Amino acid sequence: MRFGIVVFPGSNCDHDCYHVTHHLLGEETEFIWHKEEKLSGFDCLILPGGFSYGDYLRTGAIAKFSPVMDAVRDFAEGGGLVIGICNGFQILLEAGLLPGAMKRNDSLKFICKDVWLRVETSSTPFTNTLEEGEVLRIPIAHADGNYYADDATLARLKEQDRILFRYTDIHGNPEAAANPNGSRENIAGIINENRNILGMMPHPERCAESILGNENGRKIFDSIVKHIR
Amino acid sequence: MQEPAITEEVIEQHGLSPEEYERVLTILGRQPTFTELGIFSVMWSEHCSYKSSRLHLKKFPTEGAHVIEGPGENAGVIDIGDGLAAVFKMESHNHPSFIEPYQGAATGVGGIMRDVFTMGARPVVNMNSLRFGKLSEPHNQYLLDGVVDGIAGYGNCMGVPTIGGEIYFSDCYNGNCLVNAFTLGIAKADGIFRGYASGPGNVVIYVGSKTGRDGIHGVTMASEEFVDDSEQKKPTVQVGDPFMEKLLLEACLEVMKKNLLVGIQDMGGAGLTSSSCEMAGRAGTGVELDLALVPRREEGMIPYEIMLSESQERMLMVAEKEKEEEIHAIFKKWDLEAVTIGRVTDDGMLRILDGGKQVAEIPALKIAQQAPKYDRPHAESETQRARRSLDPSGIAVPDDLEEVLKILLDTHNIADKEWIFEQYDHMVRTNTVVLPGSDAAVIRVKGTKKGLAVSTDCNSRYCYLDPYVGGMNAVAEAARNVVCAGARPMALTDCLNFGNPEKPEIMWQFVQAVEGMSAACRALGTPVVSGNVSFYNETRGEAIWPTPTVGMVGLLHDVRRFMTQWFKKEKDALFLVGETLDELGGSEYLEVIHGQVRGQPPVLDLEKERKVQETVRAAIEQGLLHSAHDCSEGGLAVALAECCLTGPGPHLGAQVTLDDDLRPDALLFGESQSRVVVSIEDKDLDAFKEIANRVGAPITFLGLVGGKDLKIELQGRSLQWPVEVLRKIHRHAIRHHMTHDTLD
């Protein structure tokens, strides 16, 4: 299959994603410059982490206007898989491809650490190799990961089984103490209605090989490959 | 602004002594223009010219088979095999960080990264070494908060992981915090770029941010003591733009990959002045610049201001004329401004024009070669000598030794630094194998089997009591930490932070520290490949403790053999490699429990140190150890506690018997050097003992890993602590102080 990794100026997890999809999974992978207006031949697009355009304003607020985003929208409307990780998730929210918004972390600080995530549904292209209720250890690294959605949106997300990951303790309990940033209902990742656009704050590409002491993140990439094949 | 006339007062304001000004007149053969006076002023500032330190820095060993580039370039370079090189340097940003903590620290990080990618390396590691006054003072909390935020703000945005560092709190830093930033990058060993303006006729290209009035005389400010006007100096602190630097990094690396450059240098301290002077000086050429072409962000800047601006995120490049277009195209792709502002000449002159009109003309080489160099008087003061005397009989052994360990784990110098490093992205680039919180951080080098271990260290209390011994210990401890991660120490960079060198007792501290460090470097085979000197760390005449920070880089041939400090397995045997001596002087224990900063700091036997390191390293390389942890502040008891309570868990306890007749507080909390606590499985004991025997390092059986408590038996006393209790104290101390949050 063929991955495309969108490179905004200020993206800084683009190479980490490339390392996983190309070097570890052995899949064809290409970088896509933010000025590209047409995309073809891709099975899955990754919007990587980083600080697109510096993010001095609101995270992702400028990226949503970049030329490539129209192409990403067309690609997603055609059913292509899109995964936004960290800054990528923030951009998807700003672009309106996913509902809700990101606020500053409750602590007002950047937080980089491993967290526990409970898999809330396995019926998506991104979680099909995972068990519902499975608990994953995956790192976060963000200052603006405090997910907010209004009550109606939250109800719809739940009703449509669109919450993919929640922050929990090691046993899978979504307690307040396990919420690293203040996200509503401990939400760490959501999907769109058509179930082909995923946004998640934790970084699965940072824990996909044994030398880093954790391979939990690889399962998400494996799911994508399984779905496409 | 208008150009003032050159009067005695103006000369003095520029920090030039009458003798130095005489020298300017001799070099020029006439009175300088205002722009020229500015150029001499910054180039001959302590910060740029190293005029007080040069003589002594020569004592450092700087060579080795693996050294590709020693001191003198933007950063040091060592060969790590597989056709790759590690490029690294550490630099201070103390004064700016004290004046404006966020921007001061942020631009310190930005500056050191530019020094590294200027040489063609992609930065992959940031580290730092920080010093503040105690956190009981609200102002110090403000400084710590701002500095950490600044380091995080810049490094995280750049996508360069901050994988570790060290931090200490002492009253001596109340008026003068220290922020030393370290960056390491990876480059192709045959693809190192240098700051040479070679080839007359080649073009000089300016890239990056526009030039503004920020940071003018930043280096002069860094070359003076603080008085009470530090608030007024805020305008001398630059403002960082990490997004701009990220673009600059990617564009520069792209230009370098296509081999389009002759030379390149960061416009850091002293901006356009130092970059153009130094590049011409190194190449023995001249450079002619027209300042009218320099992109500016403000109206009405005069040549003096443009030459002295320290606006961040700027680079000066030299390239062949034919490559000019291709270079411009690459920068355009990244939406950056690249402007040809001059050319290389063959007359050795730094010639500055302003729209065709000449405003300065100085022989480039002479600015550097004839820069003042002082052999400043240095002598030990009486008070310095007196500090080293300590009568241990006057120090009572506390009754409750269990409580002492708890107090020590709660002190901010020993407590967990998680609140700090959680704010740094320490995982981006997916190379970090050992995260912050062990003796040294380890990264893998992608595309090879290798790893690099890095540690920054300096116990300034030791240096305050005996700068020679303190300097030795800084090098030895940094090397030992790297060894505890399984690496062979290769080379180091340093950041030498001292008070006013014009005072003989401060100069004495400097000379002693350099000599002590040099001795340790020679014994351990770790040359100094880069570094920085920061003098005038004084406020109202009160100097900081001498703080020669060391950034040590070690190489692991097989990164899978990395080691961490925490216990891994029940029933592992515990050994001490090295020996505990009857030493209390200079210890954390003596200051915290007895309120005394006195005595002879721990002695260092370099031959023993080498043997201890060799034993530990060989044992790790052969896969014999489960953990290795250096004994430092708080001594053996704190080291054992840290082995129990750090790491991802399960946080195992230990049963230890200390069979020794030293006074119990020296045994538990004394800080004898050259000691490492290791844990090891039964089946590997013989092989381990064989190594220690062959190398000649003393080893002592301490006990066994296991249980939920740390238990220490000594001299009929039985001490016991639940690991969870100790862990909570250790994790809580700094976080609670900074946030008032409690951990679950």
# chains A, B, ... in the order shown; residues from 1 in each chain; ligands from 1
>>> interface_residues(of="chain B", to="chain A", cutoff="10 Å", atoms="only C-alpha atoms", output="PyMOL selection string")
chain B and resi 149+152-153+156-160+241-247+250+333-335+418-435+443-444+446+559-560+562+739+743-744
>>> residues_around(residues="Ala379 of chain B", least_positions_apart="5", cutoff="7 Å", atoms="only C-alpha atoms", output="PyMOL selection string")
chain B and resi 504-505+508
>>> closest_residue(among="A:Ile170, A:Ile190, A:Ile62, A:Val7", to="Lys158 of chain A", atoms="only C-alpha atoms")
A:Ile190
>>> residues_around(residues="Gly670 of chain B", least_positions_apart="6", cutoff="6 Å", atoms="only C-alpha atoms", output="ChimeraX atom specification")
/B:583-584,635
>>> atom_distance(atom1="atom CA of Ile167 of chain B", atom2="atom CA of Leu130 of chain B")
4.7 Å
>>> residues_around(residues="segment 403-416 of chain B", least_positions_apart="6", cutoff="8 Å", atoms="only C-alpha atoms", output="list in words")
Ile167, Tyr168, Phe169, Gly437, Glu588, Tyr589, Val592, Ile593, Glu633, Gly634, Ala637, Val638, Leu726, Ile729, His730, Arg731, His732, Ala733 and Ile734 of chain B
>>> write_last_selection(atoms="all heavy atoms", output="compact mmCIF listing (two decimals), in the first residue's frame")
# COMPACT_ATOMS: atom_id res chain seq x y z
N ILE B 167 20.15 19.87 37.22
CA ILE B 167 19.73 21.14 37.81
C ILE B 167 20.08 21.13 39.29
O ILE B 167 19.92 20.12 39.97
CB ILE B 167 18.23 21.37 37.58
CG1 ILE B 167 17.78 22.68 38.19
CG2 ILE B 167 17.38 20.24 38.13
CD1 ILE B 167 16.44 23.16 37.68
N TYR B 168 20.60 22.26 39.77
CA TYR B 168 20.92 22.41 41.18
C TYR B 168 20.45 23.76 41.69
O TYR B 168 20.36 24.72 40.92
CB TYR B 168 22.44 22.28 41.41
CG TYR B 168 22.95 20.89 41.22
CD1 TYR B 168 23.46 20.50 40.00
CD2 TYR B 168 22.91 19.96 42.26
CE1 TYR B 168 23.92 19.21 39.80
CE2 TYR B 168 23.37 18.67 42.08
CZ TYR B 168 23.88 18.30 40.85
OH TYR B 168 24.32 17.02 40.67
N PHE B 169 20.18 23.77 42.97
CA PHE B 169 19.71 25.00 43.61
C PHE B 169 20.66 25.37 44.73
O PHE B 169 20.99 24.51 45.57
CB PHE B 169 18.30 24.77 44.18
CG PHE B 169 17.31 24.31 43.14
CD1 PHE B 169 17.11 22.96 42.91
CD2 PHE B 169 16.60 25.23 42.38
CE1 PHE B 169 16.20 22.52 41.94
CE2 PHE B 169 15.71 24.80 41.41
CZ PHE B 169 15.50 23.45 41.19
N GLY B 437 16.08 10.67 33.55
CA GLY B 437 15.81 10.06 34.85
C GLY B 437 16.76 8.95 35.23
O GLY B 437 16.68 8.38 36.30
N GLU B 588 26.21 17.06 50.28
CA GLU B 588 24.84 17.57 50.40
C GLU B 588 24.37 17.39 51.84
O GLU B 588 23.73 18.26 52.42
CB GLU B 588 23.95 16.78 49.42
CG GLU B 588 22.55 17.31 49.25
CD GLU B 588 22.46 18.55 48.35
OE1 GLU B 588 23.35 18.75 47.52
OE2 GLU B 588 21.50 19.31 48.53
N TYR B 589 24.72 16.25 52.40
CA TYR B 589 24.37 15.92 53.79
C TYR B 589 24.86 16.99 54.76
O TYR B 589 24.13 17.46 55.63
CB TYR B 589 24.96 14.55 54.12
CG TYR B 589 25.09 14.24 55.59
CD1 TYR B 589 23.97 13.87 56.34
CD2 TYR B 589 26.33 14.32 56.23
CE1 TYR B 589 24.10 13.58 57.71
CE2 TYR B 589 26.46 14.04 57.58
CZ TYR B 589 25.34 13.67 58.32
OH TYR B 589 25.46 13.40 59.65
N VAL B 592 22.77 20.22 54.13
CA VAL B 592 21.33 20.15 54.44
C VAL B 592 21.08 19.84 55.91
O VAL B 592 20.23 20.44 56.55
CB VAL B 592 20.64 19.09 53.53
CG1 VAL B 592 19.21 18.85 53.96
CG2 VAL B 592 20.72 19.53 52.09
N ILE B 593 21.84 18.90 56.46
CA ILE B 593 21.57 18.46 57.83
C ILE B 593 22.33 19.31 58.86
O ILE B 593 21.82 19.60 59.93
CB ILE B 593 21.95 16.96 58.01
CG1 ILE B 593 21.20 16.11 56.96
CG2 ILE B 593 21.66 16.47 59.43
CD1 ILE B 593 19.69 16.11 57.09
N GLU B 633 25.48 12.98 44.80
CA GLU B 633 24.95 13.74 45.92
C GLU B 633 24.10 12.83 46.83
O GLU B 633 23.21 12.14 46.37
CB GLU B 633 24.08 14.91 45.44
CG GLU B 633 24.86 16.03 44.80
CD GLU B 633 25.27 15.73 43.36
OE1 GLU B 633 24.73 14.76 42.79
OE2 GLU B 633 26.15 16.43 42.84
N GLY B 634 24.40 12.88 48.12
CA GLY B 634 23.65 12.06 49.07
C GLY B 634 24.29 10.70 49.31
O GLY B 634 23.82 9.93 50.14
N ALA B 637 23.58 5.85 50.36
CA ALA B 637 22.19 5.63 50.77
C ALA B 637 21.23 6.19 49.73
O ALA B 637 20.24 5.55 49.36
CB ALA B 637 21.93 6.27 52.13
N VAL B 638 21.52 7.40 49.25
CA VAL B 638 20.65 7.99 48.24
C VAL B 638 20.74 7.20 46.93
O VAL B 638 19.73 6.94 46.26
CB VAL B 638 20.99 9.49 48.01
CG1 VAL B 638 20.35 10.01 46.73
CG2 VAL B 638 20.51 10.32 49.20
N LEU B 726 9.47 6.45 50.18
CA LEU B 726 10.60 7.21 49.65
C LEU B 726 10.28 7.76 48.26
O LEU B 726 10.62 8.89 47.92
CB LEU B 726 11.85 6.32 49.57
CG LEU B 726 12.38 5.78 50.89
CD1 LEU B 726 13.67 4.97 50.65
CD2 LEU B 726 12.66 6.90 51.89
N ILE B 729 8.11 10.86 48.39
CA ILE B 729 8.87 12.05 48.81
C ILE B 729 9.68 12.58 47.63
O ILE B 729 9.67 13.77 47.31
CB ILE B 729 9.83 11.69 49.98
CG1 ILE B 729 9.04 11.30 51.22
CG2 ILE B 729 10.80 12.84 50.26
CD1 ILE B 729 9.89 10.72 52.33
N HIS B 730 10.38 11.68 46.98
CA HIS B 730 11.29 12.01 45.88
C HIS B 730 10.54 12.63 44.71
O HIS B 730 10.95 13.65 44.14
CB HIS B 730 11.99 10.71 45.47
CG HIS B 730 13.09 10.86 44.48
ND1 HIS B 730 12.97 10.44 43.18
CD2 HIS B 730 14.34 11.35 44.59
CE1 HIS B 730 14.12 10.67 42.55
NE2 HIS B 730 14.97 11.23 43.37
N ARG B 731 9.39 12.07 44.36
CA ARG B 731 8.63 12.57 43.20
C ARG B 731 7.91 13.88 43.51
O ARG B 731 7.64 14.68 42.63
CB ARG B 731 7.59 11.53 42.77
CG ARG B 731 8.18 10.36 42.02
CD ARG B 731 7.07 9.46 41.52
NE ARG B 731 6.36 10.05 40.40
CZ ARG B 731 5.10 9.73 40.06
NH1 ARG B 731 4.44 8.85 40.77
NH2 ARG B 731 4.53 10.29 39.03
N HIS B 732 7.58 14.02 44.77
CA HIS B 732 6.71 15.11 45.19
C HIS B 732 7.42 16.46 45.27
O HIS B 732 6.84 17.50 44.97
CB HIS B 732 6.21 14.75 46.59
CG HIS B 732 4.89 15.32 46.92
ND1 HIS B 732 3.73 14.64 46.72
CD2 HIS B 732 4.55 16.53 47.42
CE1 HIS B 732 2.72 15.40 47.09
NE2 HIS B 732 3.19 16.54 47.51
N ALA B 733 8.68 16.42 45.70
CA ALA B 733 9.34 17.63 46.21
C ALA B 733 9.27 18.83 45.26
O ALA B 733 8.76 19.88 45.63
CB ALA B 733 10.79 17.31 46.56
N ILE B 734 9.75 18.68 44.06
CA ILE B 734 9.79 19.84 43.15
C ILE B 734 8.40 20.14 42.59
O ILE B 734 7.97 21.29 42.53
CB ILE B 734 10.82 19.60 42.02
CG1 ILE B 734 12.23 19.62 42.61
CG2 ILE B 734 10.67 20.65 40.92
CD1 ILE B 734 13.34 19.38 41.63
>>> select_by_dssp(residues="chain A", states="strand (DSSP E)", output="number ranges by chain")
A: 2-7, 28-33, 44-47, 81-85, 101-103, 111-119, 135-142, 146-148, 163-168, 187-191, 197-200
>>> residues_around(residues="segment 293-296 of chain B", least_positions_apart="3", cutoff="7 Å", atoms="only C-alpha atoms", output="ChimeraX atom specification")
/B:210-212,290,341
>>> closest_residue(among="B:Gln312, B:Ile506, B:Met349, B:Glu671", to="Glu477 of chain B", atoms="only C-alpha atoms")
B:Glu671
>>> atom_distance(atom1="atom CA of Thr118 of chain B", atom2="atom CA of Asp266 of chain B")
6.3 Å
>>> select_by_dssp(residues="segment 325-491 of chain B", states="alpha helix (DSSP H)", output="number ranges by chain")
B: 325-333, 364-369, 382-387, 401-410, 418-421, 460-465, 467-484
>>> closest_residue(among="B:Ile216, B:Cys484, B:Val678, B:Val397", to="Leu662 of chain B", atoms="only C-alpha atoms")
B:Val397
>>> residues_around(residues="His34 of chain A", least_positions_apart="4", cutoff="8 Å", atoms="only C-alpha atoms", output="list in words")
Val6, Val7, Phe8, Pro9, Ser66, Pro67, Val68 and Met69 of chain A
>>> write_last_selection(atoms="N, CA, C and O atoms", output="PDB file, in the first residue's frame")
ATOM      1  N   VAL A   6       1.925  14.269   4.997  1.00  0.00           N
ATOM      2  CA  VAL A   6       1.842  15.692   4.662  1.00  0.00           C
ATOM      3  C   VAL A   6       2.880  16.469   5.482  1.00  0.00           C
ATOM      4  O   VAL A   6       2.941  16.323   6.703  1.00  0.00           O
ATOM      5  N   VAL A   7       3.708  17.242   4.790  1.00  0.00           N
ATOM      6  CA  VAL A   7       4.728  18.031   5.480  1.00  0.00           C
ATOM      7  C   VAL A   7       4.340  19.512   5.444  1.00  0.00           C
ATOM      8  O   VAL A   7       4.416  20.162   4.407  1.00  0.00           O
ATOM      9  N   PHE A   8       3.891  20.012   6.573  1.00  0.00           N
ATOM     10  CA  PHE A   8       3.693  21.451   6.725  1.00  0.00           C
ATOM     11  C   PHE A   8       5.027  22.021   7.191  1.00  0.00           C
ATOM     12  O   PHE A   8       5.805  21.322   7.839  1.00  0.00           O
ATOM     13  N   PRO A   9       5.297  23.293   6.900  1.00  0.00           N
ATOM     14  CA  PRO A   9       6.512  23.847   7.503  1.00  0.00           C
ATOM     15  C   PRO A   9       6.263  23.894   9.008  1.00  0.00           C
ATOM     16  O   PRO A   9       5.268  24.470   9.439  1.00  0.00           O
ATOM     17  N   SER A  66      -3.832  25.950   4.193  1.00  0.00           N
ATOM     18  CA  SER A  66      -2.757  25.621   3.252  1.00  0.00           C
ATOM     19  C   SER A  66      -3.332  24.874   2.058  1.00  0.00           C
ATOM     20  O   SER A  66      -4.331  24.161   2.176  1.00  0.00           O
ATOM     21  N   PRO A  67      -2.690  25.036   0.883  1.00  0.00           N
ATOM     22  CA  PRO A  67      -3.231  24.455  -0.344  1.00  0.00           C
ATOM     23  C   PRO A  67      -3.508  22.957  -0.223  1.00  0.00           C
ATOM     24  O   PRO A  67      -4.514  22.457  -0.741  1.00  0.00           O
ATOM     25  N   VAL A  68      -2.650  22.240   0.482  1.00  0.00           N
ATOM     26  CA  VAL A  68      -2.801  20.785   0.519  1.00  0.00           C
ATOM     27  C   VAL A  68      -4.093  20.360   1.213  1.00  0.00           C
ATOM     28  O   VAL A  68      -4.605  19.274   0.975  1.00  0.00           O
ATOM     29  N   MET A  69      -4.646  21.211   2.063  1.00  0.00           N
ATOM     30  CA  MET A  69      -5.811  20.779   2.844  1.00  0.00           C
ATOM     31  C   MET A  69      -7.048  20.544   1.986  1.00  0.00           C
ATOM     32  O   MET A  69      -7.885  19.699   2.311  1.00  0.00           O
TER      33      MET A  69
END
>>> closest_residue(among="B:Gly447, B:Pro650, B:Gly551, B:Gly175", to="Val125 of chain B", atoms="only C-alpha atoms")
B:Gly551
>>> decode(residues="segment 47-69 of chain B", atoms="C-alpha atoms", output="short mmCIF file (atom, residue, chain, number, x, y, z; two decimals), in the first residue's frame")
data_model
loop_
_atom_site.label_atom_id
_atom_site.label_comp_id
_atom_site.auth_asym_id
_atom_site.auth_seq_id
_atom_site.Cartn_x
_atom_site.Cartn_y
_atom_site.Cartn_z
CA HIS B 47 32.40 36.79 25.47
CA CYS B 48 33.82 36.85 21.93
CA SER B 49 37.56 37.20 22.49
CA TYR B 50 38.12 34.95 25.52
CA LYS B 51 40.75 37.47 26.50
CA SER B 52 40.99 36.35 30.12
CA SER B 53 40.65 32.63 29.48
CA ARG B 54 42.52 31.91 26.22
CA LEU B 55 45.85 31.45 27.89
CA HIS B 56 44.50 28.75 30.19
CA LEU B 57 42.12 27.01 27.79
CA LYS B 58 45.24 25.88 25.92
CA LYS B 59 45.85 23.46 28.79
CA PHE B 60 42.92 21.28 27.78
CA PRO B 61 43.79 18.16 25.83
CA THR B 62 41.92 18.61 22.55
CA GLU B 63 43.22 15.83 20.34
CA GLY B 64 42.44 12.21 19.80
CA ALA B 65 42.29 9.72 16.94
CA HIS B 66 38.52 10.20 16.80
CA VAL B 67 38.52 14.01 16.92
CA ILE B 68 37.56 15.50 13.55
CA GLU B 69 37.23 19.09 14.74
#
